[in-house]
Every structure is written in C-alpha cells, then in structure tokens.
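Chemist: Below: one structure in structure tokens.
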Amino acid sequence: VKKKKMIITIDGPAGAGKTTVARRVAGALGYLHIDSGSMYRGLTLKVLREQINLNDQKSIIKTVRGTNLALKQVKGENRVFIDNKDVTDKLRTADINANINTVAAIPQVRQYLLKIQHKLGTKGGIVMEGRDIGTVVFPRAEKKFYLDASIKERAERRFKELHSAGKRANLDEIKRSIHLRDKKDKTRDTHPLCIPKDAKVIDTTGLSVEQVIARILEEIEK
Ligand code: DC
C-alpha cells in the first residue's frame, strides 16, 4: 500500500543540526527537503548587495518583492537562485548572519516567503526546516519536530564545520553570534521561534546525526 505523502516540519535554533538531519530524513523517505533559512539568507544577500539601508523597511520590502527567488535541485543538491544566479555558496557568511534578523523580522517579508513555502507543500512529500514551520507555515503538518542542543555544543558543531571547510573560526565569536541570533529569533513580534505545541522535542546534545535521524524516522513510522 502506498502511504500518504506527509508534511514534516523541523524547527529549532541555529546549529541544532536541522539542515543535515532534514536532508537525510527527506532522502530516506524520498521527500523534498526545503531549508527555509536559505530563503531568508538569499533575500538578505540581495538586500546587502543592493546596499539598502537596513533601517529602511520600505526599501527592504520593495527589494524583496522585486527579487526572483527560486529553489532548484541541481544534481540532487538543493541550490538557491536569486534573480537567476546560483548564490548557494554565498549564503553562510558572518555578514549575512549579522543582518538576517533585521530582514526576517519584517512581517511583509515573512508573508512573502509564506506564500512560496505554502506552494511547495501543497502536494505533501516534504521535510521543511526553519523557525516557524510547525507553528505558522504548516500548523496542520502530520509530524513536527523541534531540535535543540546546548549552546556550547551548537557552537562547537559550527566551529568544526567551518574548520573542516578550511575557514578560520573563533569559538567564542561563534557562541556570541549564535546566542544573539537565538535571542532575536525568539523575541521578534512576528512568528518568533517557539516549540509547536504538538511537536516532538529532541535534545541532540551528545547525540550523533545517525541517532537523531533514527529517532525521527521511528516517530514517523508510528
Ligand atoms: O536556519 P538558518 O540558520 O539558515 O536561518 C537563518 C536565519 O533565518 C534565522 O536566524 C532566522 C531566519 N529564519 C526565519 O526567520 N524563519 C525561518 N523559518 C527560517 C529562518
């Protein structure tokens, strides 16, 4: 019997392992993986490149609405296109991390992305990760998860990631940046990060990626 294609949401703070886990869970189920953070990152890149004054919400909204944002699968990999250019490798920078919350806090920006996110989910068969997916984007999703981990562990994961990519990194700086982003994500007025009331919470501190995936798949099989 063919099972119904579900909508699965994974929310949580920065560095909790959402992207790795969501990609692998989607792969195991034959579902589409959508990283909603990459959409906010793409729009923030555009705003920074256009040198829009970050205090000028009207200009940010106008820029966002005039942006052609597309997520495409290229050779089995998720790629982000801004105005038809692949910008995927330009999205994980300190500059974007430092400014993304300004863009993501604007209600019209969230509304704009909400429409795109809804469209992607109409047929089910997706694993979408972010901050407000189980609460706002798909409140009626079949399965919801919330991944968390201690700030120490999340910072160490980012540090290792950057280090193995050959990039310079400072653990204390990463810790500070994650802490600040957590705070901004949890306290913004529009769609703040919080645990969806029907979500399964997984504290990934001390767990391997494999262990987290196994727990999620087990929960989905129920
Ligand atoms: O998941 P990430 O670290 O790539 O997300 C980057 C930022 O994007 C995050 O700090 C806040 C914003 N974001 C959001 O506001 N809502 C989402 N659903 C996903 C990301």
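Chains: A, B, ... in order of the structure tokens. Residues: from 1 per chain. Ligands: from 1, in order shown.
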Which protein, DNA or RNA residues have an atom within 7 Å of ligand 1, counting only C-alpha atoms and all ligand atoms, as a PyMOL selection string?

Modeler: chain A and resi 14-15+36-38+40-41+97+100-101+104-105+129-133+181+185

Chemist: Please save N, CA and C atoms of the selected residues as an mmCIF file, in the first residue's frame.

Modeler:
data_model
loop_
_atom_site.group_PDB
_atom_site.id
_atom_site.type_symbol
_atom_site.label_atom_id
_atom_site.label_comp_id
_atom_site.auth_asym_id
_atom_site.auth_seq_id
_atom_site.Cartn_x
_atom_site.Cartn_y
_atom_site.Cartn_z
ATOM 1 N N ALA A 14 19.633 28.012 15.789
ATOM 2 C CA ALA A 14 20.817 27.882 14.938
ATOM 3 C C ALA A 14 21.766 26.810 15.470
ATOM 4 N N GLY A 15 22.255 25.977 14.579
ATOM 5 C CA GLY A 15 23.264 24.997 14.958
ATOM 6 C C GLY A 15 22.736 23.746 15.643
ATOM 7 N N SER A 36 14.106 26.536 4.785
ATOM 8 C CA SER A 36 13.506 27.880 4.675
ATOM 9 C C SER A 36 14.507 28.964 5.072
ATOM 10 N N GLY A 37 15.476 28.604 5.914
ATOM 11 C CA GLY A 37 16.515 29.571 6.282
ATOM 12 C C GLY A 37 17.276 30.059 5.060
ATOM 13 N N SER A 38 17.447 29.168 4.061
ATOM 14 C CA SER A 38 18.190 29.560 2.863
ATOM 15 C C SER A 38 17.429 30.623 2.064
ATOM 16 N N TYR A 40 15.537 33.053 3.535
ATOM 17 C CA TYR A 40 15.840 34.302 4.248
ATOM 18 C C TYR A 40 17.268 34.738 3.958
ATOM 19 N N ARG A 41 18.167 33.775 3.866
ATOM 20 C CA ARG A 41 19.568 34.097 3.571
ATOM 21 C C ARG A 41 19.705 34.701 2.180
ATOM 22 N N ASN A 97 24.725 36.417 8.598
ATOM 23 C CA ASN A 97 24.279 36.056 9.965
ATOM 24 C C ASN A 97 24.005 37.289 10.819
ATOM 25 N N ILE A 100 20.643 39.119 9.090
ATOM 26 C CA ILE A 100 19.464 38.384 8.626
ATOM 27 C C ILE A 100 18.241 38.634 9.503
ATOM 28 N N ASN A 101 18.448 38.838 10.798
ATOM 29 C CA ASN A 101 17.281 39.021 11.675
ATOM 30 C C ASN A 101 16.534 40.318 11.396
ATOM 31 N N ALA A 104 14.433 39.275 8.468
ATOM 32 C CA ALA A 104 13.463 38.232 8.826
ATOM 33 C C ALA A 104 12.395 38.720 9.808
ATOM 34 N N ALA A 105 12.641 39.856 10.449
ATOM 35 C CA ALA A 105 11.666 40.366 11.427
ATOM 36 C C ALA A 105 10.552 41.167 10.759
ATOM 37 N N GLU A 129 12.370 22.760 7.060
ATOM 38 C CA GLU A 129 13.009 23.161 8.318
ATOM 39 C C GLU A 129 13.071 24.675 8.436
ATOM 40 N N GLY A 130 13.054 25.151 9.677
ATOM 41 C CA GLY A 130 13.169 26.590 9.894
ATOM 42 C C GLY A 130 12.925 26.968 11.340
ATOM 43 N N ARG A 131 12.223 28.104 11.528
ATOM 44 C CA ARG A 131 11.955 28.601 12.875
ATOM 45 C C ARG A 131 10.458 28.606 13.191
ATOM 46 N N ASP A 132 9.647 28.719 12.130
ATOM 47 C CA ASP A 132 8.202 28.902 12.319
ATOM 48 C C ASP A 132 7.405 27.932 11.449
ATOM 49 N N ILE A 133 8.015 26.824 11.072
ATOM 50 C CA ILE A 133 7.357 25.944 10.100
ATOM 51 C C ILE A 133 6.193 25.187 10.751
ATOM 52 N N ARG A 181 21.578 35.506 17.830
ATOM 53 C CA ARG A 181 20.576 35.125 16.822
ATOM 54 C C ARG A 181 19.407 34.379 17.490
ATOM 55 N N ASP A 185 15.650 35.591 17.264
ATOM 56 C CA ASP A 185 14.659 34.674 16.677
ATOM 57 C C ASP A 185 13.496 34.418 17.640
#

Chemist: Compile a residue-level contact table for range 10-41 of chain A against range 152-158 of chain A at a cut-off of 12 Å, reporting for every qualifying residue the shortest atom pair and its distance in Å to one decimal, with only C-alpha atoms counted, rows ordered by chain and ascending number, as CSV.

Modeler:
residue,atom,partner,partner_atom,distance
A:Gly12,CA,A:Arg154,CA,11.4
A:Pro13,CA,A:Arg154,CA,9.1
A:Ala14,CA,A:Arg154,CA,7.4
A:Gly15,CA,A:Arg154,CA,4.8
A:Ala16,CA,A:Arg154,CA,5.9
A:Gly17,CA,A:Arg154,CA,8.1
A:Lys18,CA,A:Arg154,CA,11.1
A:Thr20,CA,A:Arg157,CA,11.6

Chemist: Could you write out that same residue set with all heavy atoms as a PDB file, in the first residue's frame?

Modeler:
ATOM      1  N   GLY A  12      13.847  24.791  15.152  1.00  0.00           N
ATOM      2  CA  GLY A  12      14.852  24.818  16.203  1.00  0.00           C
ATOM      3  C   GLY A  12      15.838  25.953  15.990  1.00  0.00           C
ATOM      4  O   GLY A  12      15.844  26.586  14.931  1.00  0.00           O
ATOM      5  N   PRO A  13      16.665  26.199  16.989  1.00  0.00           N
ATOM      6  CA  PRO A  13      17.618  27.303  16.918  1.00  0.00           C
ATOM      7  C   PRO A  13      18.808  26.994  16.016  1.00  0.00           C
ATOM      8  O   PRO A  13      18.971  25.865  15.546  1.00  0.00           O
ATOM      9  CB  PRO A  13      18.072  27.462  18.373  1.00  0.00           C
ATOM     10  CG  PRO A  13      17.956  26.090  18.937  1.00  0.00           C
ATOM     11  CD  PRO A  13      16.762  25.483  18.273  1.00  0.00           C
ATOM     12  N   ALA A  14      19.633  28.012  15.789  1.00  0.00           N
ATOM     13  CA  ALA A  14      20.817  27.882  14.938  1.00  0.00           C
ATOM     14  C   ALA A  14      21.766  26.810  15.470  1.00  0.00           C
ATOM     15  O   ALA A  14      22.015  26.745  16.671  1.00  0.00           O
ATOM     16  CB  ALA A  14      21.548  29.221  14.866  1.00  0.00           C
ATOM     17  N   GLY A  15      22.255  25.977  14.579  1.00  0.00           N
ATOM     18  CA  GLY A  15      23.264  24.997  14.958  1.00  0.00           C
ATOM     19  C   GLY A  15      22.736  23.746  15.643  1.00  0.00           C
ATOM     20  O   GLY A  15      23.497  22.936  16.159  1.00  0.00           O
ATOM     21  N   ALA A  16      21.410  23.560  15.618  1.00  0.00           N
ATOM     22  CA  ALA A  16      20.835  22.372  16.268  1.00  0.00           C
ATOM     23  C   ALA A  16      20.933  21.143  15.372  1.00  0.00           C
ATOM     24  O   ALA A  16      20.575  20.039  15.777  1.00  0.00           O
ATOM     25  CB  ALA A  16      19.386  22.632  16.671  1.00  0.00           C
ATOM     26  N   GLY A  17      21.391  21.334  14.142  1.00  0.00           N
ATOM     27  CA  GLY A  17      21.563  20.206  13.225  1.00  0.00           C
ATOM     28  C   GLY A  17      20.400  20.000  12.271  1.00  0.00           C
ATOM     29  O   GLY A  17      20.295  18.959  11.617  1.00  0.00           O
ATOM     30  N   LYS A  18      19.522  20.994  12.167  1.00  0.00           N
ATOM     31  CA  LYS A  18      18.325  20.841  11.345  1.00  0.00           C
ATOM     32  C   LYS A  18      18.615  20.488   9.883  1.00  0.00           C
ATOM     33  O   LYS A  18      17.994  19.600   9.334  1.00  0.00           O
ATOM     34  CB  LYS A  18      17.488  22.133  11.354  1.00  0.00           C
ATOM     35  CG  LYS A  18      16.969  22.531  12.710  1.00  0.00           C
ATOM     36  CD  LYS A  18      16.035  23.725  12.612  1.00  0.00           C
ATOM     37  CE  LYS A  18      16.676  24.953  12.004  1.00  0.00           C
ATOM     38  NZ  LYS A  18      17.721  25.590  12.840  1.00  0.00           N
ATOM     39  N   THR A  20      21.292  19.174   8.212  1.00  0.00           N
ATOM     40  CA  THR A  20      21.821  17.829   7.951  1.00  0.00           C
ATOM     41  C   THR A  20      20.739  16.773   8.150  1.00  0.00           C
ATOM     42  O   THR A  20      20.550  15.887   7.315  1.00  0.00           O
ATOM     43  CB  THR A  20      22.990  17.529   8.923  1.00  0.00           C
ATOM     44  OG1 THR A  20      23.907  18.611   8.869  1.00  0.00           O
ATOM     45  CG2 THR A  20      23.684  16.239   8.567  1.00  0.00           C
TER      46      THR A  20
END

Chemist: Check range 30-160 of chain A with DSSP on the backbone and list each residue it calls alpha helix (DSSP H), as a PyMOL selection string.

Modeler: chain A and resi 36-49+57-65+94-104+107-121+151-160

Chemist: Taking the backbone alone, and naming residues the way the document does, which bits of range 54-214 of chain A are strand (DSSP E or B) by DSSP, as a PyMOL selection string?

Modeler: chain A and resi 69-74+77-82+85-86+126-130+143-148+200-203

Chemist: When you look at Asp148 in chain A with a cut-off of 8 Å (counting only C-alpha atoms), what residues show up, excluding the ones that are within fewer than 2 positions of it in the same chain? I need them as a ChimeraX atom specification.

Modeler: /A:12-13,16,146,150,201-205

Chemist: Selected residues, N, CA and C atoms, written as a CSV table (one decimal), in the first residue's frame, please.

Modeler:
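Result went into part-v2.csv, see below:
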chain,number,residue,atom,x,y,z
A,12,GLY,N,13.8,24.8,15.2
A,12,GLY,CA,14.9,24.8,16.2
A,12,GLY,C,15.8,26.0,16.0
A,13,PRO,N,16.7,26.2,17.0
A,13,PRO,CA,17.6,27.3,16.9
A,13,PRO,C,18.8,27.0,16.0
A,16,ALA,N,21.4,23.6,15.6
A,16,ALA,CA,20.8,22.4,16.3
A,16,ALA,C,20.9,21.1,15.4
A,146,TYR,N,11.1,19.4,16.9
A,146,TYR,CA,11.9,20.6,17.4
A,146,TYR,C,13.2,20.1,17.9
A,150,SER,N,22.6,22.2,23.6
A,150,SER,CA,23.2,23.2,24.4
A,150,SER,C,23.9,24.2,23.5
A,201,VAL,N,10.0,17.0,20.8
A,201,VAL,CA,11.3,17.8,21.1
A,201,VAL,C,12.4,16.8,21.2
A,202,ILE,N,13.5,17.0,20.5
A,202,ILE,CA,14.7,16.2,20.6
A,202,ILE,C,15.9,17.0,21.0
A,203,ASP,N,16.4,16.8,22.2
A,203,ASP,CA,17.6,17.4,22.6
A,203,ASP,C,18.8,16.6,22.0
A,204,THR,N,19.5,17.2,21.1
A,204,THR,CA,20.5,16.5,20.3
A,204,THR,C,21.9,16.6,21.0
A,205,THR,N,22.0,17.2,22.1
A,205,THR,CA,23.3,17.3,22.8
A,205,THR,C,23.8,15.9,23.1

Chemist: Could you check which of A:Lys160, A:His118, A:Lys144, A:Lys62 is closest to Glu219 in chain A, using only C-alpha atoms?

Modeler: A:Lys144

Chemist: Go through A:Leu113, A:Val25, A:Leu69, A:Ile220 one by one, measure the shortest atom-to-atom distance of each to Lys85 in chain A using only C-alpha atoms, and give the residue with the smallest value.

Modeler: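 That would be A:Leu69, the residue with the smallest distance to Lys85 in chain A.
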
Chemist: Rounded to one decimal, what separation in Å do you get between CA of Lys90 in chain A and CA of Phe145 in chain A?

Modeler: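 Calculated distance between CA of Lys90 in chain A and CA of Phe145 in chain A is 27.9 Å.
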
Chemist: Nearest residue to Gly206 in chain A out of A:Asp95, A:Leu171, A:Asn55, A:Ala149, using only C-alpha atoms?

Modeler: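 Residue with the minimum atom-to-atom distance to Gly206 in chain A: A:Ala149.
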
Chemist: So that I can see what lies close to Asn78 in chain A, please list as a PyMOL selection string the residues with an atom at most 10 Å from it, counting only C-alpha atoms and leaving out residues fewer than 2 positions away in the same chain.

Modeler: chain A and resi 23+32-35+38+71-76+80-81+88

Chemist: With only C-alpha atoms as the counted atoms, please give the residues lying no more than 12 Å from Met6 in chain A, apart from itself and same-chain residues fewer than 4 positions off, as a list in words.

Modeler: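 The residues satisfying every condition are Lys2, Ala26, Leu29, Gly30, Tyr31, Leu32, Gly121, Thr122, Lys123, Gly124, Gly125, Ile126, Val127, Met128, Phe138, Arg140, Ala141, Glu142, Lys143, Lys144, Ile220 and Glu221 of chain A.
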
Chemist: Kindly export the residues of the current selection with N, CA and C atoms, as an mmCIF file, in the first residue's frame.

Modeler:
data_model
loop_
_atom_site.group_PDB
_atom_site.id
_atom_site.type_symbol
_atom_site.label_atom_id
_atom_site.label_comp_id
_atom_site.auth_asym_id
_atom_site.auth_seq_id
_atom_site.Cartn_x
_atom_site.Cartn_y
_atom_site.Cartn_z
ATOM 1 N N LYS A 2 0.514 2.180 -0.850
ATOM 2 C CA LYS A 2 1.286 3.410 -0.898
ATOM 3 C C LYS A 2 0.827 4.346 0.215
ATOM 4 N N ALA A 26 14.605 13.467 4.576
ATOM 5 C CA ALA A 26 13.921 13.596 3.287
ATOM 6 C C ALA A 26 14.440 12.539 2.315
ATOM 7 N N LEU A 29 13.007 9.103 2.972
ATOM 8 C CA LEU A 29 11.583 8.964 2.658
ATOM 9 C C LEU A 29 11.271 9.225 1.185
ATOM 10 N N GLY A 30 12.265 9.710 0.449
ATOM 11 C CA GLY A 30 12.018 10.109 -0.940
ATOM 12 C C GLY A 30 11.215 11.398 -1.019
ATOM 13 N N TYR A 31 11.376 12.248 -0.021
ATOM 14 C CA TYR A 31 10.667 13.526 0.038
ATOM 15 C C TYR A 31 11.586 14.660 -0.413
ATOM 16 N N LEU A 32 10.962 15.812 -0.643
ATOM 17 C CA LEU A 32 11.699 17.016 -0.970
ATOM 18 C C LEU A 32 12.151 17.690 0.330
ATOM 19 N N GLY A 121 4.359 23.061 -0.423
ATOM 20 C CA GLY A 121 3.825 21.978 0.391
ATOM 21 C C GLY A 121 2.476 21.443 -0.055
ATOM 22 N N THR A 122 1.925 22.001 -1.116
ATOM 23 C CA THR A 122 0.537 21.634 -1.461
ATOM 24 C C THR A 122 0.344 20.143 -1.696
ATOM 25 N N LYS A 123 1.359 19.475 -2.226
ATOM 26 C CA LYS A 123 1.180 18.050 -2.522
ATOM 27 C C LYS A 123 1.747 17.135 -1.439
ATOM 28 N N GLY A 124 2.264 17.717 -0.374
ATOM 29 C CA GLY A 124 2.884 16.900 0.660
ATOM 30 C C GLY A 124 4.221 16.363 0.180
ATOM 31 N N GLY A 125 4.758 15.381 0.913
ATOM 32 C CA GLY A 125 6.043 14.812 0.497
ATOM 33 C C GLY A 125 7.199 15.769 0.695
ATOM 34 N N ILE A 126 7.135 16.583 1.766
ATOM 35 C CA ILE A 126 8.261 17.475 2.030
ATOM 36 C C ILE A 126 8.682 17.443 3.495
ATOM 37 N N VAL A 127 9.953 17.722 3.679
ATOM 38 C CA VAL A 127 10.503 17.974 5.006
ATOM 39 C C VAL A 127 10.973 19.424 4.964
ATOM 40 N N MET A 128 10.286 20.300 5.705
ATOM 41 C CA MET A 128 10.688 21.709 5.703
ATOM 42 C C MET A 128 11.229 22.091 7.077
ATOM 43 N N PHE A 138 3.068 25.470 8.409
ATOM 44 C CA PHE A 138 2.219 24.274 8.304
ATOM 45 C C PHE A 138 1.735 23.834 9.687
ATOM 46 N N ARG A 140 -0.828 22.410 10.494
ATOM 47 C CA ARG A 140 -1.513 21.118 10.486
ATOM 48 C C ARG A 140 -0.660 19.986 9.921
ATOM 49 N N ALA A 141 0.652 20.183 9.928
ATOM 50 C CA ALA A 141 1.560 19.136 9.430
ATOM 51 C C ALA A 141 1.356 17.843 10.215
ATOM 52 N N GLU A 142 1.550 16.716 9.530
ATOM 53 C CA GLU A 142 1.349 15.409 10.169
ATOM 54 C C GLU A 142 2.371 15.139 11.261
ATOM 55 N N LYS A 143 3.619 15.525 11.016
ATOM 56 C CA LYS A 143 4.677 15.265 12.005
ATOM 57 C C LYS A 143 5.527 16.512 12.204
ATOM 58 N N LYS A 144 5.713 16.863 13.470
ATOM 59 C CA LYS A 144 6.504 18.052 13.789
ATOM 60 C C LYS A 144 7.631 17.698 14.757
ATOM 61 N N ILE A 220 8.128 8.836 12.843
ATOM 62 C CA ILE A 220 7.336 8.948 11.614
ATOM 63 C C ILE A 220 6.628 7.630 11.298
ATOM 64 N N GLU A 221 7.299 6.522 11.612
ATOM 65 C CA GLU A 221 6.732 5.203 11.344
ATOM 66 C C GLU A 221 5.526 4.894 12.212
#

Chemist: Provide the CA of Val212 in chain A to CA of Ala22 in chain A distance in Å, to one decimal place.

Modeler: 10.3 Å

Chemist: Need the shell around Ile106 in chain A: protein/DNA/RNA residues with any atom at most 9 Å away, counting only C-alpha atoms. Skip same-chain ones fewer than 6 positions apart. Format as a ChimeraX atom specification?

Modeler: /A:57,60-61,190

Chemist: Could you check which of A:Thr93, A:Ala214, A:Pro192, A:Gln108 is closest to Ser177 in chain A, using only C-alpha atoms?

Modeler: A:Thr93

Chemist: As a JSON list (two decimals) with N, CA, C and O atoms, in the first residue's frame, please: the residues near Ser59 in chain A (cut-off 12 Å, only C-alpha atoms, same-chain neighbours under 3 positions excluded).

Modeler:
[["chain", "number", "residue", "atom", "x", "y", "z"],
["A", 46, "LYS", "N", 20.67, 39.65, -1.15],
["A", 46, "LYS", "CA", 20.24, 40.64, -2.15],
["A", 46, "LYS", "C", 20.19, 42.05, -1.53],
["A", 46, "LYS", "O", 20.70, 43.01, -2.10],
["A", 47, "VAL", "N", 19.59, 42.15, -0.34],
["A", 47, "VAL", "CA", 19.46, 43.44, 0.35],
["A", 47, "VAL", "C", 20.85, 44.04, 0.64],
["A", 47, "VAL", "O", 21.08, 45.24, 0.45],
["A", 48, "LEU", "N", 21.78, 43.19, 1.05],
["A", 48, "LEU", "CA", 23.13, 43.67, 1.34],
["A", 48, "LEU", "C", 23.85, 44.10, 0.06],
["A", 48, "LEU", "O", 24.51, 45.13, 0.02],
["A", 50, "GLU", "N", 22.53, 45.17, -2.65],
["A", 50, "GLU", "CA", 21.94, 46.41, -3.18],
["A", 50, "GLU", "C", 22.23, 47.60, -2.26],
["A", 50, "GLU", "O", 21.78, 48.70, -2.53],
["A", 51, "GLN", "N", 22.91, 47.31, -1.17],
["A", 51, "GLN", "CA", 23.27, 48.34, -0.20],
["A", 51, "GLN", "C", 22.07, 49.15, 0.29],
["A", 51, "GLN", "O", 22.12, 50.37, 0.41],
["A", 52, "ILE", "N", 21.00, 48.43, 0.54],
["A", 52, "ILE", "CA", 19.79, 49.05, 1.08],
["A", 52, "ILE", "C", 20.07, 49.43, 2.54],
["A", 52, "ILE", "O", 20.69, 48.65, 3.28],
["A", 53, "ASN", "N", 19.62, 50.58, 2.95],
["A", 53, "ASN", "CA", 19.72, 50.99, 4.34],
["A", 53, "ASN", "C", 18.86, 50.04, 5.19],
["A", 53, "ASN", "O", 17.65, 49.93, 4.98],
["A", 54, "LEU", "N", 19.49, 49.38, 6.15],
["A", 54, "LEU", "CA", 18.77, 48.34, 6.90],
["A", 54, "LEU", "C", 17.74, 48.92, 7.87],
["A", 54, "LEU", "O", 16.94, 48.19, 8.45],
["A", 55, "ASN", "N", 17.73, 50.22, 8.04],
["A", 55, "ASN", "CA", 16.68, 50.86, 8.85],
["A", 55, "ASN", "C", 15.47, 51.22, 8.01],
["A", 55, "ASN", "O", 14.44, 51.64, 8.54],
["A", 56, "ASP", "N", 15.61, 51.07, 6.71],
["A", 56, "ASP", "CA", 14.56, 51.49, 5.79],
["A", 56, "ASP", "C", 13.72, 50.27, 5.36],
["A", 56, "ASP", "O", 13.96, 49.66, 4.33],
["A", 62, "LYS", "N", 10.41, 46.47, -0.73],
["A", 62, "LYS", "CA", 10.36, 46.68, -2.18],
["A", 62, "LYS", "C", 11.40, 45.79, -2.89],
["A", 62, "LYS", "O", 11.11, 45.15, -3.90],
["A", 63, "THR", "N", 12.58, 45.73, -2.30],
["A", 63, "THR", "CA", 13.65, 44.92, -2.88],
["A", 63, "THR", "C", 13.26, 43.44, -2.87],
["A", 63, "THR", "O", 13.42, 42.72, -3.87],
["A", 64, "VAL", "N", 12.73, 43.01, -1.73],
["A", 64, "VAL", "CA", 12.35, 41.59, -1.59],
["A", 64, "VAL", "C", 11.27, 41.23, -2.62],
["A", 64, "VAL", "O", 11.35, 40.20, -3.30],
["A", 65, "ARG", "N", 10.27, 42.11, -2.74],
["A", 65, "ARG", "CA", 9.17, 41.82, -3.69],
["A", 65, "ARG", "C", 9.64, 41.84, -5.13],
["A", 65, "ARG", "O", 9.04, 41.22, -5.99],
["A", 66, "GLY", "N", 10.74, 42.54, -5.39],
["A", 66, "GLY", "CA", 11.26, 42.60, -6.74],
["A", 66, "GLY", "C", 12.31, 41.54, -7.02],
["A", 66, "GLY", "O", 12.98, 41.57, -8.05],
["A", 103, "VAL", "N", 16.07, 41.55, 8.43],
["A", 103, "VAL", "CA", 15.21, 41.24, 7.27],
["A", 103, "VAL", "C", 14.09, 40.28, 7.67],
["A", 103, "VAL", "O", 12.92, 40.49, 7.32],
["A", 106, "ILE", "N", 10.71, 41.49, 9.49],
["A", 106, "ILE", "CA", 9.72, 42.33, 8.80],
["A", 106, "ILE", "C", 8.51, 41.48, 8.37],
["A", 106, "ILE", "O", 8.65, 40.53, 7.60],
["A", 108, "GLN", "N", 6.08, 41.81, 6.31],
["A", 108, "GLN", "CA", 5.81, 41.66, 4.86],
["A", 108, "GLN", "C", 6.80, 40.69, 4.20],
["A", 108, "GLN", "O", 6.45, 40.04, 3.22],
["A", 109, "VAL", "N", 8.01, 40.63, 4.73],
["A", 109, "VAL", "CA", 9.00, 39.68, 4.19],
["A", 109, "VAL", "C", 8.55, 38.26, 4.52],
["A", 109, "VAL", "O", 8.57, 37.35, 3.68]]

Chemist: Point out the residue among A:Lys222, A:Lys183, A:Arg24, A:Lys197 with the least atom-to-atom distance to Glu77 in chain A, counting only C-alpha atoms.

Modeler: A:Arg24
